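For reference, the structure discussed in these notes is given below.
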Amino acid sequence: AVETKLTRDSPLVERCFALYQEKRFDEVLTAAEPALAARESESSPGASRETAALWSVVGLAKQALGDDEGAHAALESSITAAPETERSTYRRHLATLAIESAQAGLARAGSHDAADRMAVIRSAIAWTNRGLAVLPSDSALADTREASHDALWQAYEQAAMAVLQRQEFPAARQILREALDDPKLPAARAAGFRGLLAGTYGGQM
């Protein structure tokens, strides 16, 4: 009972962090989540620092278990719970998760077929946007977002060419129009995609 209370003298955060270091990620969640749920229904002045730290460890454990969405939610909660003077630390934690998730997505994209690759890359872009929302000046996140967009335009082109080779002209037009509807599409790419789009009508005729 004592260990489920988040007070300044509680050993719960230290215990959960030790479990995390031992790679006992499920046990981190078993120990931490009931305490956090209880914390939501109580008011314990002075416990915000511990609550933030506990959410952060939960986020790390969820990331290690492959639950990036859960990790993101936990790290957002850590930012909210932290004292204002300590929030920069938790923003950095979330930014680190974002760039790692984005880079992992880009690495995985190459193993997907052309149609699925675009969705994987869009997920990577979404992660960079999440990171930049809390740390706008992070150059690594900005560079990763730019690389993700470049990969996305290449994926659109490859997907369109693949269906054109099979003479599936309506499918090619759908892919190209989706790309052209993206406001981030550079003008040079847009011109090339419009040329391909026009070619689908001639090819079909």
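We name chains A, B, ... following the order of the structure tokens; residues begin at 1 in each chain, and ligands are numbered from 1 as shown.
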Problem set entry | Close residues, Ala171 of chain A itself excluded, 8 Å, only C-alpha atoms, min 4 positions apart in chain, as a list of chain:residue names | A:Ala160, A:Val163, A:Ile175
Exercise. Do you know which residues are at most 7 Å from segment 146-154 of chain A counting only C-alpha atoms, after dropping those on the same chain fewer than 2 positions away, and could you put them as JSON, numbers by chain?
Worked result: {"A": [106, 118, 121, 124, 125, 142, 143, 144, 156, 157, 158]}
Can I get the selected residues back with N, CA and C atoms, as an mmCIF file, in the first residue's frame?
data_model
loop_
_atom_site.group_PDB
_atom_site.id
_atom_site.type_symbol
_atom_site.label_atom_id
_atom_site.label_comp_id
_atom_site.auth_asym_id
_atom_site.auth_seq_id
_atom_site.Cartn_x
_atom_site.Cartn_y
_atom_site.Cartn_z
ATOM 1 N N LEU A 106 11.085 4.743 -41.203
ATOM 2 C CA LEU A 106 11.747 4.898 -42.495
ATOM 3 C C LEU A 106 12.574 3.658 -42.847
ATOM 4 N N MET A 118 3.882 3.963 -48.498
ATOM 5 C CA MET A 118 3.455 5.346 -48.279
ATOM 6 C C MET A 118 2.836 5.525 -46.893
ATOM 7 N N ILE A 121 5.585 5.575 -44.268
ATOM 8 C CA ILE A 121 6.332 6.829 -44.282
ATOM 9 C C ILE A 121 5.490 7.961 -43.710
ATOM 10 N N ALA A 124 5.840 7.938 -40.122
ATOM 11 C CA ALA A 124 7.121 8.528 -39.704
ATOM 12 C C ALA A 124 7.027 10.047 -39.686
ATOM 13 N N ILE A 125 6.376 10.627 -40.688
ATOM 14 C CA ILE A 125 6.200 12.084 -40.731
ATOM 15 C C ILE A 125 5.374 12.552 -39.539
ATOM 16 N N ALA A 142 13.760 18.044 -37.556
ATOM 17 C CA ALA A 142 13.437 18.747 -38.809
ATOM 18 C C ALA A 142 14.079 18.045 -40.001
ATOM 19 N N ASP A 143 15.330 17.605 -39.838
ATOM 20 C CA ASP A 143 16.013 16.897 -40.924
ATOM 21 C C ASP A 143 15.328 15.561 -41.223
ATOM 22 N N THR A 144 14.895 14.870 -40.168
ATOM 23 C CA THR A 144 14.224 13.590 -40.364
ATOM 24 C C THR A 144 12.878 13.777 -41.057
ATOM 25 N N TYR A 156 5.484 7.460 -53.752
ATOM 26 C CA TYR A 156 4.352 7.731 -54.641
ATOM 27 C C TYR A 156 4.734 7.449 -56.099
ATOM 28 N N GLU A 157 5.896 7.919 -56.491
ATOM 29 C CA GLU A 157 6.322 7.712 -57.864
ATOM 30 C C GLU A 157 6.479 6.220 -58.170
ATOM 31 N N GLN A 158 7.093 5.485 -57.240
ATOM 32 C CA GLN A 158 7.285 4.054 -57.452
ATOM 33 C C GLN A 158 5.960 3.307 -57.514
#
Exercise. Skipping near chain neighbours, those fewer than 3 positions away, what residues fall within 12 Å of Arg24 of chain A using only C-alpha atoms, listed as a PyMOL selection string?
Worked result: chain A and resi 15-21+27-31+57-58+60-62+64-65
With N, CA, C and O atoms retained, could you export that selection as an mmCIF file, in the first residue's frame?
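Done, and the output landed in selection.cif:
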data_model
loop_
_atom_site.group_PDB
_atom_site.id
_atom_site.type_symbol
_atom_site.label_atom_id
_atom_site.label_comp_id
_atom_site.auth_asym_id
_atom_site.auth_seq_id
_atom_site.Cartn_x
_atom_site.Cartn_y
_atom_site.Cartn_z
ATOM 1 N N ARG A 15 12.002 1.948 -7.926
ATOM 2 C CA ARG A 15 11.744 0.527 -8.164
ATOM 3 C C ARG A 15 11.391 0.272 -9.624
ATOM 4 O O ARG A 15 11.892 -0.667 -10.251
ATOM 5 N N CYS A 16 10.533 1.124 -10.171
ATOM 6 C CA CYS A 16 10.138 0.953 -11.568
ATOM 7 C C CYS A 16 11.318 1.168 -12.503
ATOM 8 O O CYS A 16 11.480 0.455 -13.505
ATOM 9 N N PHE A 17 12.164 2.144 -12.192
ATOM 10 C CA PHE A 17 13.325 2.380 -13.031
ATOM 11 C C PHE A 17 14.284 1.198 -12.974
ATOM 12 O O PHE A 17 14.886 0.819 -13.983
ATOM 13 N N ALA A 18 14.418 0.594 -11.783
ATOM 14 C CA ALA A 18 15.277 -0.585 -11.659
ATOM 15 C C ALA A 18 14.723 -1.738 -12.501
ATOM 16 O O ALA A 18 15.478 -2.450 -13.174
ATOM 17 N N LEU A 19 13.408 -1.917 -12.483
ATOM 18 C CA LEU A 19 12.784 -2.946 -13.312
ATOM 19 C C LEU A 19 13.033 -2.675 -14.792
ATOM 20 O O LEU A 19 13.302 -3.599 -15.577
ATOM 21 N N TYR A 20 12.951 -1.403 -15.163
ATOM 22 C CA TYR A 20 13.196 -1.040 -16.561
ATOM 23 C C TYR A 20 14.631 -1.382 -16.959
ATOM 24 O O TYR A 20 14.880 -1.937 -18.036
ATOM 25 N N GLN A 21 15.587 -1.045 -16.095
ATOM 26 C CA GLN A 21 16.992 -1.341 -16.400
ATOM 27 C C GLN A 21 17.239 -2.840 -16.519
ATOM 28 O O GLN A 21 18.113 -3.269 -17.270
ATOM 29 N N GLU A 27 6.638 -5.737 -15.951
ATOM 30 C CA GLU A 27 6.542 -5.520 -14.505
ATOM 31 C C GLU A 27 6.552 -4.028 -14.167
ATOM 32 O O GLU A 27 5.964 -3.608 -13.171
ATOM 33 N N VAL A 28 7.214 -3.233 -15.020
ATOM 34 C CA VAL A 28 7.156 -1.774 -14.826
ATOM 35 C C VAL A 28 5.709 -1.309 -14.909
ATOM 36 O O VAL A 28 5.222 -0.564 -14.050
ATOM 37 N N LEU A 29 5.004 -1.779 -15.923
ATOM 38 C CA LEU A 29 3.613 -1.369 -16.117
ATOM 39 C C LEU A 29 2.722 -1.897 -15.007
ATOM 40 O O LEU A 29 1.822 -1.187 -14.522
ATOM 41 N N THR A 30 2.977 -3.128 -14.575
ATOM 42 C CA THR A 30 2.181 -3.709 -13.491
ATOM 43 C C THR A 30 2.327 -2.908 -12.206
ATOM 44 O O THR A 30 1.364 -2.718 -11.458
ATOM 45 N N ALA A 31 3.529 -2.414 -11.956
ATOM 46 C CA ALA A 31 3.770 -1.653 -10.730
ATOM 47 C C ALA A 31 3.286 -0.209 -10.844
ATOM 48 O O ALA A 31 2.748 0.353 -9.887
ATOM 49 N N VAL A 57 8.970 6.728 -16.975
ATOM 50 C CA VAL A 57 9.429 5.336 -16.972
ATOM 51 C C VAL A 57 8.413 4.441 -17.680
ATOM 52 O O VAL A 57 8.778 3.525 -18.415
ATOM 53 N N VAL A 58 7.125 4.713 -17.476
ATOM 54 C CA VAL A 58 6.083 3.960 -18.190
ATOM 55 C C VAL A 58 6.249 4.145 -19.698
ATOM 56 O O VAL A 58 6.136 3.181 -20.475
ATOM 57 N N LEU A 60 9.020 4.800 -21.353
ATOM 58 C CA LEU A 60 10.185 4.035 -21.793
ATOM 59 C C LEU A 60 9.856 2.545 -21.905
ATOM 60 O O LEU A 60 10.269 1.867 -22.856
ATOM 61 N N ALA A 61 9.099 2.033 -20.923
ATOM 62 C CA ALA A 61 8.739 0.615 -20.937
ATOM 63 C C ALA A 61 7.836 0.302 -22.123
ATOM 64 O O ALA A 61 7.998 -0.722 -22.797
ATOM 65 N N LYS A 62 6.868 1.169 -22.383
ATOM 66 C CA LYS A 62 5.963 0.939 -23.511
ATOM 67 C C LYS A 62 6.717 1.004 -24.837
ATOM 68 O O LYS A 62 6.452 0.225 -25.763
ATOM 69 N N ALA A 64 9.845 0.181 -25.273
ATOM 70 C CA ALA A 64 10.610 -1.065 -25.351
ATOM 71 C C ALA A 64 9.733 -2.249 -25.743
ATOM 72 O O ALA A 64 10.200 -3.193 -26.386
ATOM 73 N N LEU A 65 8.450 -2.185 -25.389
ATOM 74 C CA LEU A 65 7.510 -3.251 -25.729
ATOM 75 C C LEU A 65 6.914 -3.063 -27.124
ATOM 76 O O LEU A 65 6.082 -3.861 -27.550
#
Exercise. Which residues, written as a ChimeraX atom specification, have at least one atom at most 12 Å from Gly199 of chain A, with only C-alpha atoms counted and residues fewer than 4 positions away on the same chain left out?
Worked result: /A:160-161,164,167,169-170,172-173,176,192-195,203-205
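Shell of Ala73 of chain A at 10 Å, with only C-alpha atoms counted and residues fewer than 3 places along the chain excluded, is Trp55, Val58, Gly59, Lys62, Asp68, Glu69, Gly70, Glu76, Ser77, Ser78 and Leu94 of chain A.
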Problem set entry | Contacts of Arg49 of chain A at 7 Å (only C-alpha atoms; same-chain gap of 2+ positions) as a PyMOL selection string | chain A and resi 47+51-53+82-83
